[in-house]
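Source file: structure_27.cif (mmCIF, C-alpha atoms and all ligand atoms)
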data_target
loop_
_atom_site.label_atom_id
_atom_site.label_comp_id
_atom_site.auth_asym_id
_atom_site.auth_seq_id
_atom_site.Cartn_x
_atom_site.Cartn_y
_atom_site.Cartn_z
CA MET A 1 -12.39 14.83 21.67
CA GLU A 2 -11.55 11.63 23.46
CA THR A 3 -9.41 9.19 21.52
CA ARG A 4 -7.97 5.93 22.77
CA LYS A 5 -5.13 4.02 21.14
CA ILE A 6 -6.53 0.68 19.99
CA GLY A 7 -3.67 -0.57 17.86
CA GLU A 8 -0.22 0.12 16.52
CA GLY A 9 1.77 -1.23 13.60
CA LYS A 10 5.25 -0.49 12.27
CA THR A 11 4.23 2.81 10.64
CA LYS A 12 0.79 3.75 12.03
CA GLU A 13 -1.11 4.11 15.29
CA VAL A 14 -4.84 3.45 15.35
CA TYR A 15 -7.16 5.41 17.66
CA SER A 16 -10.88 5.01 18.32
CA TYR A 17 -12.91 7.95 16.99
CA ASP A 18 -16.64 7.21 16.87
CA ALA A 19 -18.82 4.14 16.42
CA SER A 20 -18.00 3.71 12.75
CA HIS A 21 -14.64 5.49 12.34
CA VAL A 22 -11.03 5.25 13.52
CA LEU A 23 -8.08 7.63 13.34
CA LEU A 24 -4.91 6.46 11.61
CA LYS A 25 -1.88 8.41 12.74
CA PHE A 26 1.09 8.00 10.37
CA LYS A 27 4.39 7.76 12.27
CA ASP A 28 7.79 8.99 11.10
CA SER A 29 9.21 5.46 11.19
CA ILE A 30 10.48 3.62 8.13
CA THR A 31 11.16 -0.10 8.28
CA ALA A 32 12.32 -2.88 5.96
CA GLY A 33 13.03 -6.58 6.10
CA ASP A 34 9.92 -7.36 8.18
CA GLY A 35 11.01 -4.82 10.77
CA ALA A 36 14.66 -5.96 10.90
CA LYS A 37 15.80 -2.50 9.76
CA ALA A 38 14.12 0.60 11.23
CA ASP A 39 14.77 4.34 11.26
CA ILE A 40 13.03 7.64 11.89
CA LEU A 41 12.55 9.93 8.92
CA LYS A 42 11.42 13.36 10.03
CA ASP A 43 7.96 14.29 8.66
CA LYS A 44 7.60 11.00 6.76
CA GLY A 45 4.29 10.45 8.57
CA VAL A 46 2.96 13.76 7.28
CA ILE A 47 4.16 13.06 3.73
CA ASN A 48 2.73 9.53 3.67
CA ALA A 49 -0.60 10.56 5.20
CA GLN A 50 -0.95 13.28 2.54
CA THR A 51 0.19 10.97 -0.29
CA SER A 52 -2.24 8.25 0.73
CA ALA A 53 -5.11 10.73 1.16
CA ILE A 54 -4.61 12.09 -2.37
CA ILE A 55 -4.51 8.60 -3.89
CA PHE A 56 -7.55 7.42 -1.91
CA ARG A 57 -9.46 10.51 -3.13
CA VAL A 58 -8.51 9.69 -6.74
CA LEU A 59 -9.77 6.11 -6.27
CA GLU A 60 -13.02 7.31 -4.65
CA ARG A 61 -13.59 9.65 -7.61
CA ASN A 62 -13.33 6.56 -9.79
CA ASN A 63 -15.92 4.68 -7.72
CA ILE A 64 -13.46 2.44 -5.88
CA LYS A 65 -14.39 2.01 -2.22
CA THR A 66 -11.64 2.92 0.27
CA HIS A 67 -11.72 3.52 4.01
CA TYR A 68 -10.71 7.17 3.53
CA VAL A 69 -13.11 9.71 5.04
CA GLY A 70 -11.00 12.83 5.56
CA MET A 71 -8.06 14.28 7.47
CA TYR A 72 -8.09 14.88 11.23
CA ASP A 73 -4.73 16.66 11.17
CA GLU A 74 -1.77 16.72 8.79
CA ARG A 75 -0.59 13.22 9.70
CA THR A 76 -3.86 11.66 10.85
CA MET A 77 -6.56 10.20 8.62
CA ILE A 78 -10.19 9.64 9.59
CA ALA A 79 -11.05 6.20 8.24
CA GLU A 80 -14.06 3.94 8.14
CA LYS A 81 -13.78 1.23 10.80
CA LEU A 82 -13.16 -2.08 9.02
CA SER A 83 -12.56 -5.64 10.02
CA MET A 84 -9.15 -5.99 8.37
CA ILE A 85 -8.11 -9.16 6.54
CA PRO A 86 -4.46 -9.96 7.43
CA VAL A 87 -3.47 -10.47 3.80
CA GLU A 88 -1.28 -8.31 1.55
CA VAL A 89 -2.39 -8.29 -2.07
CA VAL A 90 0.33 -7.40 -4.56
CA LEU A 91 -0.10 -6.54 -8.23
CA ARG A 92 2.98 -6.52 -10.45
CA ASN A 93 3.32 -4.82 -13.84
CA ILE A 94 7.10 -5.14 -14.07
CA ALA A 95 9.27 -7.72 -12.34
CA THR A 96 11.40 -6.66 -9.38
CA GLY A 97 11.61 -7.44 -5.68
CA SER A 98 10.63 -10.78 -4.19
CA ILE A 99 9.31 -12.33 -7.40
CA VAL A 100 12.71 -12.28 -9.13
CA LYS A 101 14.21 -14.01 -6.08
CA ARG A 102 11.48 -16.67 -5.85
CA LEU A 103 10.98 -17.55 -9.50
CA PRO A 104 13.10 -17.74 -12.66
CA ILE A 105 11.99 -14.28 -13.82
CA LYS A 106 14.38 -11.53 -14.90
CA GLU A 107 14.39 -8.07 -13.33
CA GLY A 108 12.42 -5.72 -15.60
CA GLU A 109 10.32 -8.41 -17.33
CA VAL A 110 6.88 -6.98 -18.21
CA PHE A 111 3.76 -8.82 -17.05
CA GLU A 112 0.85 -8.55 -19.47
CA PRO A 113 -1.58 -9.24 -17.93
CA PRO A 114 -0.30 -8.15 -14.51
CA ILE A 115 0.49 -10.81 -11.88
CA ILE A 116 -1.50 -10.73 -8.62
CA GLU A 117 -0.22 -12.47 -5.48
CA PHE A 118 -1.57 -12.90 -1.93
CA PHE A 119 0.65 -12.98 1.18
CA LEU A 120 -0.15 -13.70 4.83
CA LYS A 121 0.71 -10.74 7.09
CA ASP A 122 3.12 -12.53 9.40
CA ASP A 123 6.54 -10.91 9.88
CA SER A 124 7.83 -13.86 11.92
CA ARG A 125 7.29 -16.08 8.84
CA HIS A 126 8.35 -13.36 6.35
CA ASP A 127 4.82 -13.00 4.89
CA PRO A 128 4.42 -16.37 3.14
CA MET A 129 2.52 -16.52 -0.15
CA LEU A 130 -1.05 -17.87 -0.07
CA ASN A 131 -3.32 -19.43 -2.66
CA TYR A 132 -7.15 -19.68 -2.63
CA TYR A 133 -7.00 -23.00 -0.72
CA HIS A 134 -4.79 -21.55 2.05
CA MET A 135 -7.06 -18.52 2.37
CA GLU A 136 -10.18 -20.72 2.67
CA PHE A 137 -8.41 -22.99 5.20
CA PHE A 138 -7.36 -20.02 7.39
CA LYS A 139 -10.87 -18.51 6.97
CA LEU A 140 -9.29 -15.35 5.56
CA MET A 141 -11.51 -15.14 2.50
CA LYS A 142 -13.49 -17.35 0.17
CA LYS A 143 -12.48 -17.91 -3.45
CA ASN A 144 -15.23 -15.64 -4.76
CA GLU A 145 -13.99 -12.83 -2.46
CA ALA A 146 -10.40 -13.37 -3.65
CA GLU A 147 -11.67 -13.05 -7.23
CA LYS A 148 -13.56 -9.87 -6.33
CA ILE A 149 -10.33 -8.50 -4.81
CA GLU A 150 -8.43 -9.39 -7.99
CA SER A 151 -10.91 -7.41 -10.06
CA ILE A 152 -10.55 -4.42 -7.69
CA MET A 153 -6.73 -4.72 -7.95
CA LEU A 154 -6.93 -4.56 -11.76
CA LYS A 155 -9.22 -1.49 -11.65
CA VAL A 156 -6.92 0.24 -9.16
CA ASN A 157 -3.95 -0.63 -11.38
CA LYS A 158 -5.54 1.13 -14.38
CA ILE A 159 -6.16 4.27 -12.29
CA LEU A 160 -2.67 4.24 -10.74
CA LEU A 161 -0.98 3.59 -14.10
CA ASP A 162 -2.74 6.64 -15.54
CA LEU A 163 -1.87 8.79 -12.50
CA ILE A 164 1.78 7.72 -12.32
CA ASN A 165 2.18 8.06 -16.08
CA ARG A 166 0.93 11.65 -15.87
CA MET A 167 3.73 12.24 -13.35
CA ASP A 168 6.23 10.88 -15.93
CA PHE A 169 6.99 7.96 -13.65
CA VAL A 170 6.63 4.18 -14.02
CA LEU A 171 4.55 1.97 -11.69
CA TYR A 172 6.30 -1.37 -11.18
CA ASP A 173 4.05 -2.87 -8.48
CA PHE A 174 1.88 -2.05 -5.46
CA LYS A 175 0.35 -3.67 -2.41
CA LEU A 176 -3.14 -3.18 -1.00
CA GLU A 177 -4.87 -4.43 2.13
CA PHE A 178 -8.60 -5.01 2.36
CA GLY A 179 -11.17 -5.01 5.14
CA ARG A 180 -14.86 -5.75 5.46
CA ASN A 181 -17.78 -3.63 6.52
CA ASN A 182 -21.12 -5.45 6.32
CA ASN A 183 -19.50 -8.00 4.01
CA GLU A 184 -18.42 -5.30 1.57
CA LEU A 185 -14.71 -5.46 0.60
CA ILE A 186 -13.07 -2.07 1.10
CA ILE A 187 -9.47 -0.92 0.58
CA GLY A 188 -7.83 -0.05 3.91
CA ASP A 189 -4.32 0.72 5.17
CA GLU A 190 -2.38 3.11 2.88
CA ILE A 191 -1.11 3.68 -0.65
CA THR A 192 2.28 5.38 -0.44
CA LEU A 193 5.88 4.97 -1.55
CA ASP A 194 6.16 2.38 1.23
CA SER A 195 3.70 0.17 -0.63
CA MET A 196 4.34 0.93 -4.33
CA ARG A 197 7.43 0.67 -6.49
CA ILE A 198 7.88 3.76 -8.64
CA ARG A 199 10.79 4.63 -10.91
CA ASP A 200 11.37 7.49 -13.28
CA LYS A 201 11.77 6.89 -17.01
CA ASN A 202 15.57 6.58 -16.58
CA GLY A 203 15.19 3.90 -13.93
CA ARG A 204 15.85 6.15 -10.93
CA ILE A 205 14.17 4.63 -7.86
CA LEU A 206 11.75 6.88 -5.94
CA ASP A 207 10.16 4.44 -3.45
CA LYS A 208 11.09 2.52 -0.30
CA ASP A 209 13.58 0.43 -2.30
CA LEU A 210 15.92 3.43 -1.72
CA TYR A 211 15.75 2.62 1.99
CA ARG A 212 15.80 -1.17 1.47
CA LYS A 213 18.96 -0.78 -0.64
CA GLY A 214 20.69 1.40 1.96
CA TYR A 215 20.61 4.87 0.35
CA PRO A 216 21.18 7.76 2.83
CA LEU A 217 18.05 8.78 4.73
CA ASP A 218 18.09 12.32 3.32
CA ILE A 219 17.86 10.88 -0.22
CA VAL A 220 14.87 8.76 0.86
CA ALA A 221 13.20 11.77 2.48
CA SER A 222 13.72 14.07 -0.50
CA SER A 223 12.38 11.43 -2.89
CA TYR A 224 9.17 10.95 -0.83
CA ARG A 225 8.73 14.73 -0.80
CA GLU A 226 9.40 15.04 -4.54
CA PHE A 227 6.76 12.38 -5.25
CA LEU A 228 4.13 14.13 -3.11
CA ASP A 229 4.89 17.54 -4.69
CA LYS A 230 4.49 16.11 -8.17
CA LEU A 231 1.39 14.10 -7.22
CA SER A 232 -0.27 17.26 -5.83
CA LYS A 233 0.25 18.95 -9.21
CA VAL A 234 -1.36 16.25 -11.38
CA VAL A 235 -4.59 15.65 -9.44
O1 LIG A 301 8.81 -7.50 -1.78
P1 LIG A 301 7.83 -7.67 -2.89
O2 LIG A 301 8.46 -7.64 -4.24
O3 LIG A 301 6.95 -8.90 -2.70
O4 LIG A 301 6.85 -6.40 -2.81
C1 LIG A 301 5.82 -6.18 -3.75
C2 LIG A 301 5.16 -4.83 -3.47
O5 LIG A 301 4.48 -4.88 -2.22
C3 LIG A 301 6.14 -3.65 -3.36
O6 LIG A 301 5.51 -2.49 -3.89
C4 LIG A 301 6.34 -3.50 -1.87
O7 LIG A 301 6.65 -2.16 -1.52
C5 LIG A 301 4.98 -3.90 -1.34
N1 LIG A 301 5.08 -4.53 -0.02
C6 LIG A 301 4.52 -3.89 1.07
N2 LIG A 301 4.60 -4.46 2.31
C7 LIG A 301 5.21 -5.64 2.48
C8 LIG A 301 5.79 -6.31 1.39
C9 LIG A 301 5.72 -5.72 0.14
O8 LIG A 301 3.94 -2.82 0.93
N3 LIG A 301 5.25 -6.19 3.70
#
As structure tokens - that is how I would like this structure written.
Amino acid sequence: METRKIGEGKTKEVYSYDASHVLLKFKDSITAGDGAKADILKDKGVINAQTSAIIFRVLERNNIKTHYVGMYDERTMIAEKLSMIPVEVVLRNIATGSIVKRLPIKEGEVFEPPIIEFFLKDDSRHDPMLNYYHMEFFKLMKKNEAEKIESIMLKVNKILLDLINRMDFVLYDFKLEFGRNNNELIIGDEITLDSMRIRDKNGRILDKDLYRKGYPLDIVASSYREFLDKLSKVV
């Protein structure tokens, strides 16, 4: 089969596949600080492709539209071709990360209801936060689409909370990216430990915060593997 590379990000390569699909090849790279810190973690691409595939399948079973179609090989996903919106949508159940730096909120504070935030994908500006007015101005999405996305985020949160709880872990927050196909809003990109914050019930970190905080790479790798092993057992 003929495939042509049509794009590349920090952790994935995109290849053309057919008229309505692309291939997403997950790389072994791990990055933090808008690309300021970068390393290679052997087989991370395989682990993240598998993790994301399982979670996308769980969402699809719950009638949430994602770009996931199937696997091409162990690290490559066949995905619906979307026109991606360069916005990161974050939902927070428990405070940690950027929100406790930006606002007078204590680490570990619980958000009920969850807090949803939008950020422009722009590493050079450190992904600035956006409101509905900014998103209309930049022609990223209209207010009614942002509200539709918020309702999808809340549905996904319920499903992920249930899943992560069954693994005996705690879901602090997660990030999704959306694209359009014929004006329908569809979840794209990935859902992995790079894009969720997960801790165990004793507060042990399992996600990319291990890497952000400078833990040894073998600890990061074994945590990603542990999460996938456990995830495979609960679905
Ligand atoms: O850094 P911050 O607290 O804003 O991150 C919120 C959530 O979004 C975390 O789960 C983090 O892993 C994810 N995120 C991401 N990609 C980014 C920034 C944050 O997946 N560029």
Which of these residues is nearest to ligand LIG 301 (chain A), using only C-alpha atoms and all ligand atoms: A:Val220, A:Val235, A:Leu120, A:Val156?
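Using only C-alpha atoms and all ligand atoms, the shortest distance to ligand LIG 301 (chain A) belongs to A:Leu120.
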For Ser124 of chain A, list every protein, DNA or RNA residue within 12 Å, evaluated using all atoms listed in the file, and leave out those in the same chain fewer than 4 positions away; present the list as a ChimeraX atom specification.
/A:33-36,120,128
Within-9 Å residues of ligand LIG 301 (chain A), basis only C-alpha atoms and all ligand atoms, as a PyMOL selection string:
chain A and resi 32-34+88-92+95-101+117+119+121-123+126-127+172-176+190-198+207-209
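The two atoms in question, atom CA of Glu147 of chain A and atom CA of Thr66 of chain A, are spaced 17.6 Å apart.
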May I have the residues at most 12 Å from (17.5, 4.3, 12.7) in the file's coordinates, counting all atoms listed in the file, as a PyMOL selection string?
chain A and resi 28-32+35-42+211+214+216-217
Determine, counting only C-alpha atoms, which protein, DNA and RNA residues have an atom within 9 Å of an atom of Ser223 of chain A; residues of the same chain fewer than 4 positions away are not included. Present the result as number ranges by chain.
A: 205-207, 210, 218-219, 227-228
Only C-alpha atoms, please: the residues just picked out, written as a PDB file, in the frame of the given file.
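Output saved as out.pdb:
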ATOM      1  CA  ILE A 205      14.170   4.630  -7.860  1.00  0.00           C
ATOM      2  CA  LEU A 206      11.750   6.880  -5.940  1.00  0.00           C
ATOM      3  CA  ASP A 207      10.160   4.440  -3.450  1.00  0.00           C
ATOM      4  CA  LEU A 210      15.920   3.430  -1.720  1.00  0.00           C
ATOM      5  CA  ASP A 218      18.090  12.320   3.320  1.00  0.00           C
ATOM      6  CA  ILE A 219      17.860  10.880  -0.220  1.00  0.00           C
ATOM      7  CA  PHE A 227       6.760  12.380  -5.250  1.00  0.00           C
ATOM      8  CA  LEU A 228       4.130  14.130  -3.110  1.00  0.00           C
TER       9      LEU A 228
END
When you look at segment 165-168 of chain A with a cut-off of 12 Å (counting only C-alpha atoms), what residues show up, excluding the ones that are within fewer than 2 positions of it in the same chain? I need them as a PDB file with C-alpha atoms, in the coordinates of the input.
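The resulting file, around_31.pdb, is reproduced below:
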ATOM      1  CA  ASN A 157      -3.950  -0.630 -11.380  1.00  0.00           C
ATOM      2  CA  LYS A 158      -5.540   1.130 -14.380  1.00  0.00           C
ATOM      3  CA  ILE A 159      -6.160   4.270 -12.290  1.00  0.00           C
ATOM      4  CA  LEU A 160      -2.670   4.240 -10.740  1.00  0.00           C
ATOM      5  CA  LEU A 161      -0.980   3.590 -14.100  1.00  0.00           C
ATOM      6  CA  ASP A 162      -2.740   6.640 -15.540  1.00  0.00           C
ATOM      7  CA  LEU A 163      -1.870   8.790 -12.500  1.00  0.00           C
ATOM      8  CA  VAL A 170       6.630   4.180 -14.020  1.00  0.00           C
ATOM      9  CA  LEU A 171       4.550   1.970 -11.690  1.00  0.00           C
ATOM     10  CA  TYR A 172       6.300  -1.370 -11.180  1.00  0.00           C
ATOM     11  CA  ILE A 198       7.880   3.760  -8.640  1.00  0.00           C
ATOM     12  CA  ARG A 199      10.790   4.630 -10.910  1.00  0.00           C
ATOM     13  CA  ASP A 200      11.370   7.490 -13.280  1.00  0.00           C
ATOM     14  CA  LYS A 201      11.770   6.890 -17.010  1.00  0.00           C
ATOM     15  CA  ASN A 202      15.570   6.580 -16.580  1.00  0.00           C
ATOM     16  CA  GLY A 203      15.190   3.900 -13.930  1.00  0.00           C
ATOM     17  CA  ARG A 204      15.850   6.150 -10.930  1.00  0.00           C
ATOM     18  CA  GLU A 226       9.400  15.040  -4.540  1.00  0.00           C
ATOM     19  CA  PHE A 227       6.760  12.380  -5.250  1.00  0.00           C
ATOM     20  CA  LEU A 228       4.130  14.130  -3.110  1.00  0.00           C
ATOM     21  CA  ASP A 229       4.890  17.540  -4.690  1.00  0.00           C
ATOM     22  CA  LYS A 230       4.490  16.110  -8.170  1.00  0.00           C
ATOM     23  CA  LEU A 231       1.390  14.100  -7.220  1.00  0.00           C
ATOM     24  CA  SER A 232      -0.270  17.260  -5.830  1.00  0.00           C
ATOM     25  CA  LYS A 233       0.250  18.950  -9.210  1.00  0.00           C
ATOM     26  CA  VAL A 234      -1.360  16.250 -11.380  1.00  0.00           C
ATOM     27  CA  VAL A 235      -4.590  15.650  -9.440  1.00  0.00           C
TER      28      VAL A 235
END
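As for atom CA of Ala53 of chain A and atom CA of Phe178 of chain A, they are spaced 16.2 Å apart.
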Take atom CA of Asp18 of chain A and atom CA of Ile54 of chain A and report the distance between them in Å, one decimal.
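The value is 23.2 Å.
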Give me the residues near Ser16 of chain A as a tab-separated table (two decimals) with C-alpha atoms, keeping the file's coordinate frame, where near means some atom within 6 Å (using all atoms listed in the file) and where sequence neighbours in that chain fewer than 3 positions away do not count.
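Result went into around18.tsv, see below:
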chain	number	residue	atom	x	y	z
A	3	THR	CA	-9.41	9.19	21.52
A	4	ARG	CA	-7.97	5.93	22.77
A	22	VAL	CA	-11.03	5.25	13.52
What's the 9 Å shell around Ile78 of chain A, counting only C-alpha atoms, without same-chain residues fewer than 2 positions away, as a list in words?
Tyr17, His21, Val22, Leu23, Leu24, Lys25, His67, Tyr68, Val69, Gly70, Met71, Tyr72, Thr76 and Glu80 of chain A
Here is a test: counting only C-alpha atoms, which residue of A:Val46, A:Ile6, A:Met153, A:Leu130 is nearest to Pro114 of chain A?
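With only C-alpha atoms as the atom set, the closest residue is A:Met153.
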Please complete segment 127-140 of chain A with N, CA, C and O atoms and give it back as a short mmCIF file (atom, residue, chain, number, x, y, z; two decimals), keeping the file's coordinate frame.
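Here's the written file out-v6.cif:
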data_model
loop_
_atom_site.label_atom_id
_atom_site.label_comp_id
_atom_site.auth_asym_id
_atom_site.auth_seq_id
_atom_site.Cartn_x
_atom_site.Cartn_y
_atom_site.Cartn_z
N ASP A 127 6.00 -13.15 5.77
CA ASP A 127 4.82 -13.00 4.89
C ASP A 127 4.74 -14.06 3.80
O ASP A 127 4.91 -13.76 2.60
N PRO A 128 4.46 -15.31 4.17
CA PRO A 128 4.42 -16.37 3.14
C PRO A 128 3.29 -16.17 2.12
O PRO A 128 2.23 -15.64 2.45
N MET A 129 3.52 -16.64 0.90
CA MET A 129 2.52 -16.52 -0.15
C MET A 129 1.38 -17.51 0.10
O MET A 129 1.58 -18.59 0.63
N LEU A 130 0.16 -17.07 -0.29
CA LEU A 130 -1.05 -17.87 -0.07
C LEU A 130 -1.75 -18.12 -1.40
O LEU A 130 -1.72 -17.25 -2.27
N ASN A 131 -2.41 -19.26 -1.53
CA ASN A 131 -3.32 -19.43 -2.66
C ASN A 131 -4.76 -19.50 -2.13
O ASN A 131 -5.01 -19.39 -0.93
N TYR A 132 -5.73 -19.68 -3.04
CA TYR A 132 -7.15 -19.68 -2.63
C TYR A 132 -7.41 -20.74 -1.54
O TYR A 132 -8.19 -20.52 -0.63
N TYR A 133 -6.76 -21.91 -1.68
CA TYR A 133 -7.00 -23.00 -0.72
C TYR A 133 -6.52 -22.61 0.67
O TYR A 133 -7.20 -22.84 1.67
N HIS A 134 -5.30 -22.00 0.74
CA HIS A 134 -4.79 -21.55 2.05
C HIS A 134 -5.75 -20.54 2.66
O HIS A 134 -6.05 -20.58 3.85
N MET A 135 -6.22 -19.61 1.83
CA MET A 135 -7.06 -18.52 2.37
C MET A 135 -8.40 -19.05 2.86
O MET A 135 -8.93 -18.59 3.87
N GLU A 136 -8.95 -20.07 2.18
CA GLU A 136 -10.18 -20.72 2.67
C GLU A 136 -9.89 -21.44 3.98
O GLU A 136 -10.64 -21.33 4.95
N PHE A 137 -8.77 -22.19 4.02
CA PHE A 137 -8.41 -22.99 5.20
C PHE A 137 -8.25 -22.09 6.43
O PHE A 137 -8.74 -22.39 7.51
N PHE A 138 -7.58 -20.95 6.26
CA PHE A 138 -7.36 -20.02 7.39
C PHE A 138 -8.57 -19.12 7.63
O PHE A 138 -8.50 -18.21 8.46
N LYS A 139 -9.65 -19.33 6.85
CA LYS A 139 -10.87 -18.51 6.97
C LYS A 139 -10.57 -17.02 6.77
O LYS A 139 -11.13 -16.14 7.43
N LEU A 140 -9.63 -16.74 5.86
CA LEU A 140 -9.29 -15.35 5.56
C LEU A 140 -10.26 -14.78 4.55
O LEU A 140 -10.77 -13.68 4.70
#
